[in-house]
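Single-structure report; data block below.
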Amino acid sequence: MDFKELNLSSETMAGIEKHGFASATEVQEKVLPISLGGKDVMVQSKTGSGKTLVFLLTIFERYLKDKNSKALVVAPTRELAVQIEEDAISFSSAIEGYQIGCFYGGVGYSKQLEEMREGINLAVGTPGRLLDFLKSGKMDFKSFDIVVLDEADRMFDMGFYPDIEKMFSRMRRREERQTMLFSATLSMKVRNLAWAFMNEPEEIEVRPEEVTVKEITQELFHVTREEKFPLLLSLLKKINPQSAIIFTNTKDAAVQVAMRLKVNGYRAAYLMGDMVQSKRLKTLDDFKEGKLTILVATDVAARGLQIDDLELVVNYDIPEDYENYVHRIGRTARAGKSGKAVTLADEMYIYGLEPIEEFIHMKIPVLWPDECGLEEVEDLSKGMKIRKDQRIRKPGERKDRKGPSQRSERRKSDTGKAVQSRKSEKRKIQRSESKAEKKEVRKIDAEQILKKEVEGKNVRRINLSEVKTEEKKGFFSFIRRIFGK
Ligand code: ADP
Ligand code: MG
């Protein structure tokens with residue numbers, strides 16, 4: 001369904017158009033006609049289906065009709081609250097004077113308090129901090145005429161049920177507000193809450209779409225981490241795609257792969273979720289116009305982008321969330337065309353393979369490089385150090401220690417403290433995420449197991465890339481057994 005059919009105001013439409021969203025997702029199509037009418041809704045729909053926009057558009061439309069309308073969105077985590085706030089800011093940019101505040105723990109109160117004093121139209125926050133404000137009398141919960149509980153099931157899993165109850169008990173009567181609840185599952189607890197605090201909510205379920213990956217040619221290569229990049233070069237040489245997206249699990253890997261591809265003569269660029277908007281748009285435009293043939297991105301960076309109809313999708317890393325496999329490869333073979341998806345399964349991410357194959361109800365066909373006529377290609381980036389600041393250093397080239405680092409310069413040029421603290425906040429979150437990621441990886445150091453399996457107990461380090469295909473088949477099936485059920 002086209003968003004135009006919803007008769008939204010021009011301000012809201014401007015926000016949607018800015019993001020280039022042509023049509024509504026299934027959950028938007030099903031829920032918006034009801035929620036825009038002011039009715040309570042209880043929505044079950046899986047992650048990534050576009051629920052945020054359902055409540056944001058409802059909130060904005062309500063405000064545009066009544067400038068006294070005040071909305072509250074409760075989300076389980078700080079990260080999610082920040083994400084919702086960012087979406088809200090971005091989609092409301094054409095609504096004049098619209099004020100949004102974000103309230104979460106782990107940071108000082110003063111800035112958030114200040115935000116509130118200035119008068120806000122939309123408050124987004126986590127239960128803990130919101131309750132603090134409620135208790136101290138700093139936030140009047142009766143002022144909200146539209147209330148959203150996002151990821152309700154997760155909030156319960158995190159033990160926020162009592163907090164939510166307290167908040168609701170301090171709000172205006174349910175008949176005098178619109179309440180919307182979103183959840184990946186509608187458990188008994190969620191239903192109880194709906195029964196206790198919502199006004200005859202309409203229950204809407206969006207069944208997960210059938211997983212159809214049949215039209216896509218899927219291939220999988222078992223490779224060691226060292227072999228991955230050379231194999232990618234061989235694949236690209238053979239397939240020679242006009243448009244391809246390469247998915248990595250980390251931002252760092254995305255930078256590395258994109259820069260190394262560039263060194264090897266490919267018109268490649270990386271895409272990141274937290275990239276400056278103008279750079280992000282420029283990269284996308286270049287890709288759409290064919291100035292770039294390869295985009296390297298993480299799942300987060302590619303979310304919500306209309307990059308599809310691709311000739312090739314490469315899972316440079318196996319996605320850790322099995323649903324992302326389908327999201328990724330679904331970007332090829334659109335509209336009945338054939339497409340290709342190649343997955344590189346290395347020892348670090350192979351544990352993600354079983355759940356994927358279970359989810360898509362098939363085994364991804366395994367190929368071996370020397371058996372399918374892949375030529376070896378010289379890697380021109382071999383030995384080069386790719387620095388975070390995106391400059392490429394040749395082997396032996398010394399790091400320039402003189403002069404201010406780009407980073408500190410960037411920091412100086414940042415204007416406004418608010419911007420800076422918001423940014424450092426984000427950085428903190430990202431840092432703690434990547435720490436958790438590293439831990440996870442250490443725990444399952446599959447490579448060590450592999451090496452022992454192949455060489456027996458007494459061998460120290462072996463070069464996995466030199467192991468013959470026949471032997472590799474043995475140990476990769478071994479490693480799959482370990483991570484299988
Ligand atoms: P959910 O809350 O259901 O997990 P989100 O609201 O976070 O999902 O949306 C997932 C992604 O889809 C976001 O990147 C969002 O920008 C994008 N998106 C939402 N609606 C649309 C649409 N109509 N067309 C294209 N992308 C969309
Ligand atoms: Mg969501």
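For the structure tokens, the naming scheme is as follows: chains receive sequential letters (A, B, ...) according to their order of presentation, residues are indexed from 1 within each chain, and ligands are indexed from 1 in presentation order.
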
Nearby residues (only C-alpha atoms) at most 12 Å from A:Gln83, same-chain spacing under 4 positions excluded, as a VMD selection string: chain A and resid 52 to 53 73 75 to 79 87 to 90 102 124 to 125 150 273 to 274 300 422 426 429

Saved selection, atoms kept: C-alpha atoms, as a compact mmCIF listing (two decimals), in the first residue's frame:
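Output file out-v5.txt is given in full below:
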# COMPACT_ATOMS: atom_id res chain seq x y z
CA THR A 52 8.31 2.34 14.93
CA LEU A 53 6.75 4.23 12.09
CA VAL A 73 6.86 6.12 24.28
CA ALA A 75 11.04 1.29 25.44
CA PRO A 76 13.00 -1.40 27.27
CA THR A 77 16.56 -0.23 26.65
CA ARG A 78 18.52 2.95 26.30
CA GLU A 79 19.71 1.93 22.84
CA ASP A 87 13.69 8.24 14.09
CA ALA A 88 11.25 10.66 15.69
CA ILE A 89 13.56 13.62 15.07
CA SER A 90 14.17 12.60 11.51
CA CYS A 102 14.68 11.29 25.53
CA VAL A 124 10.74 8.68 24.78
CA GLY A 125 12.27 6.79 27.66
CA ASP A 150 7.33 -0.72 22.55
CA GLY A 273 24.67 3.29 10.47
CA ASP A 274 26.31 6.19 12.25
CA VAL A 300 22.32 -2.09 10.91
CA ARG A 422 24.71 12.63 22.56
CA LYS A 426 26.30 6.65 21.40
CA ILE A 429 26.95 2.16 23.80

Nearby polymer residues, ligand 1, at most 10 Å, only C-alpha atoms and all ligand atoms, as a PyMOL selection string: chain A and resi 1-3+16+19-29+44-56+80+83-84+87+91+150-151+182-184+273+299-306

DSSP-assigned helix (DSSP H, G or I) among stretch 19-194 of chain A, expressed as JSON, numbers by chain: {"A": [26, 27, 28, 29, 30, 31, 32, 33, 34, 35, 51, 52, 53, 54, 55, 56, 57, 58, 59, 60, 61, 62, 63, 64, 65, 78, 79, 80, 81, 82, 83, 84, 85, 86, 87, 88, 89, 90, 91, 110, 111, 112, 113, 114, 115, 116, 117, 127, 128, 129, 130, 131, 132, 133, 134, 135, 141, 142, 143, 152, 153, 154, 155, 156, 157, 161, 162, 163, 164, 165, 166, 167, 168, 169, 174, 175, 176, 188, 189, 190, 191, 192, 193, 194]}

Residue contacts of A:Tyr63 (12 Å, only C-alpha atoms) excluding same-chain residues fewer than 5 positions away, as a list of chain:residue names: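 With the cut-off at 12 Å, the set is A:Ser9, A:Glu11, A:Thr12, A:Leu36, A:Gly38, A:Leu56, A:Leu57, A:Thr58, A:Asn68, A:Ser69, A:Lys70, A:Ala71, A:Ser92, A:Ile95, A:Glu96, A:Gly97, A:Tyr98, A:Gln99, A:Ile120, A:Asn121, A:Leu122, A:Phe144, A:Asp145, A:Ile146.
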
Residues near stretch 188-197 of chain A, cut-off 10 Å, only C-alpha atoms, skip fewer than 2 positions along chain, as an NGL selection string: :A and (40-42 or 152-153 or 155-156 or 161 or 164-165 or 168-169 or 171 or 173-175 or 179-183 or 185-186 or 199-201 or 203)

Prev. selection, C-alpha atoms, output as a PDB file, in the first residue's frame:
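Writing done, so here's part04.pdb:
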ATOM      1  CA  ASP A  40      -6.136   1.329  21.078  1.00  0.00           C
ATOM      2  CA  VAL A  41      -4.089  -1.346  19.388  1.00  0.00           C
ATOM      3  CA  MET A  42      -2.141  -4.361  20.543  1.00  0.00           C
ATOM      4  CA  ALA A 152       6.429  -5.038  25.651  1.00  0.00           C
ATOM      5  CA  ASP A 153       7.555  -8.657  25.904  1.00  0.00           C
ATOM      6  CA  MET A 155      10.187  -5.158  28.994  1.00  0.00           C
ATOM      7  CA  PHE A 156       8.592  -7.974  30.921  1.00  0.00           C
ATOM      8  CA  TYR A 161       6.250  -5.160  34.808  1.00  0.00           C
ATOM      9  CA  ILE A 164       4.902  -0.253  33.941  1.00  0.00           C
ATOM     10  CA  GLU A 165       1.991  -0.890  36.285  1.00  0.00           C
ATOM     11  CA  PHE A 168      -0.118   3.361  34.161  1.00  0.00           C
ATOM     12  CA  SER A 169      -1.667   3.863  37.573  1.00  0.00           C
ATOM     13  CA  MET A 171      -1.897   8.207  34.017  1.00  0.00           C
ATOM     14  CA  ARG A 173      -8.146   7.246  32.551  1.00  0.00           C
ATOM     15  CA  ARG A 174      -7.743   4.790  29.725  1.00  0.00           C
ATOM     16  CA  GLU A 175     -10.777   6.185  27.922  1.00  0.00           C
ATOM     17  CA  THR A 179      -2.671   3.325  24.203  1.00  0.00           C
ATOM     18  CA  MET A 180      -0.642   1.295  21.762  1.00  0.00           C
ATOM     19  CA  LEU A 181       1.263  -1.839  22.603  1.00  0.00           C
ATOM     20  CA  PHE A 182       3.865  -3.534  20.417  1.00  0.00           C
ATOM     21  CA  SER A 183       5.389  -6.884  21.034  1.00  0.00           C
ATOM     22  CA  THR A 185       4.868 -12.168  21.052  1.00  0.00           C
ATOM     23  CA  LEU A 186       1.524 -11.696  22.736  1.00  0.00           C
ATOM     24  CA  ASN A 199      -9.326   0.441  26.260  1.00  0.00           C
ATOM     25  CA  GLU A 200     -10.756  -2.462  24.256  1.00  0.00           C
ATOM     26  CA  PRO A 201      -7.662  -2.742  22.120  1.00  0.00           C
ATOM     27  CA  GLU A 203      -5.528  -7.076  18.383  1.00  0.00           C
TER      28      GLU A 203
END

Residues near A:Ile294, cut-off 10 Å, only C-alpha atoms, skip fewer than 4 positions along chain, as a count of residues only: 20

Option closest in space to ligand 2, from A:Val74, A:Ile59, A:Pro355, A:Ser10 [counting only C-alpha atoms and all ligand atoms]: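 Of A:Val74, A:Ile59, A:Pro355, A:Ser10, the one nearest ligand 2, counting only C-alpha atoms and all ligand atoms, is A:Val74.
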
Gap from atom CA of A:Glu86 to atom CA of A:Gly101 - Å, one decimal: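 Separation between atom CA of A:Glu86 and atom CA of A:Gly101: 10.4 Å.
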
Atom CA of A:Leu232 to atom CA of A:Asp309, straight-line distance in Å: 20.5 Å
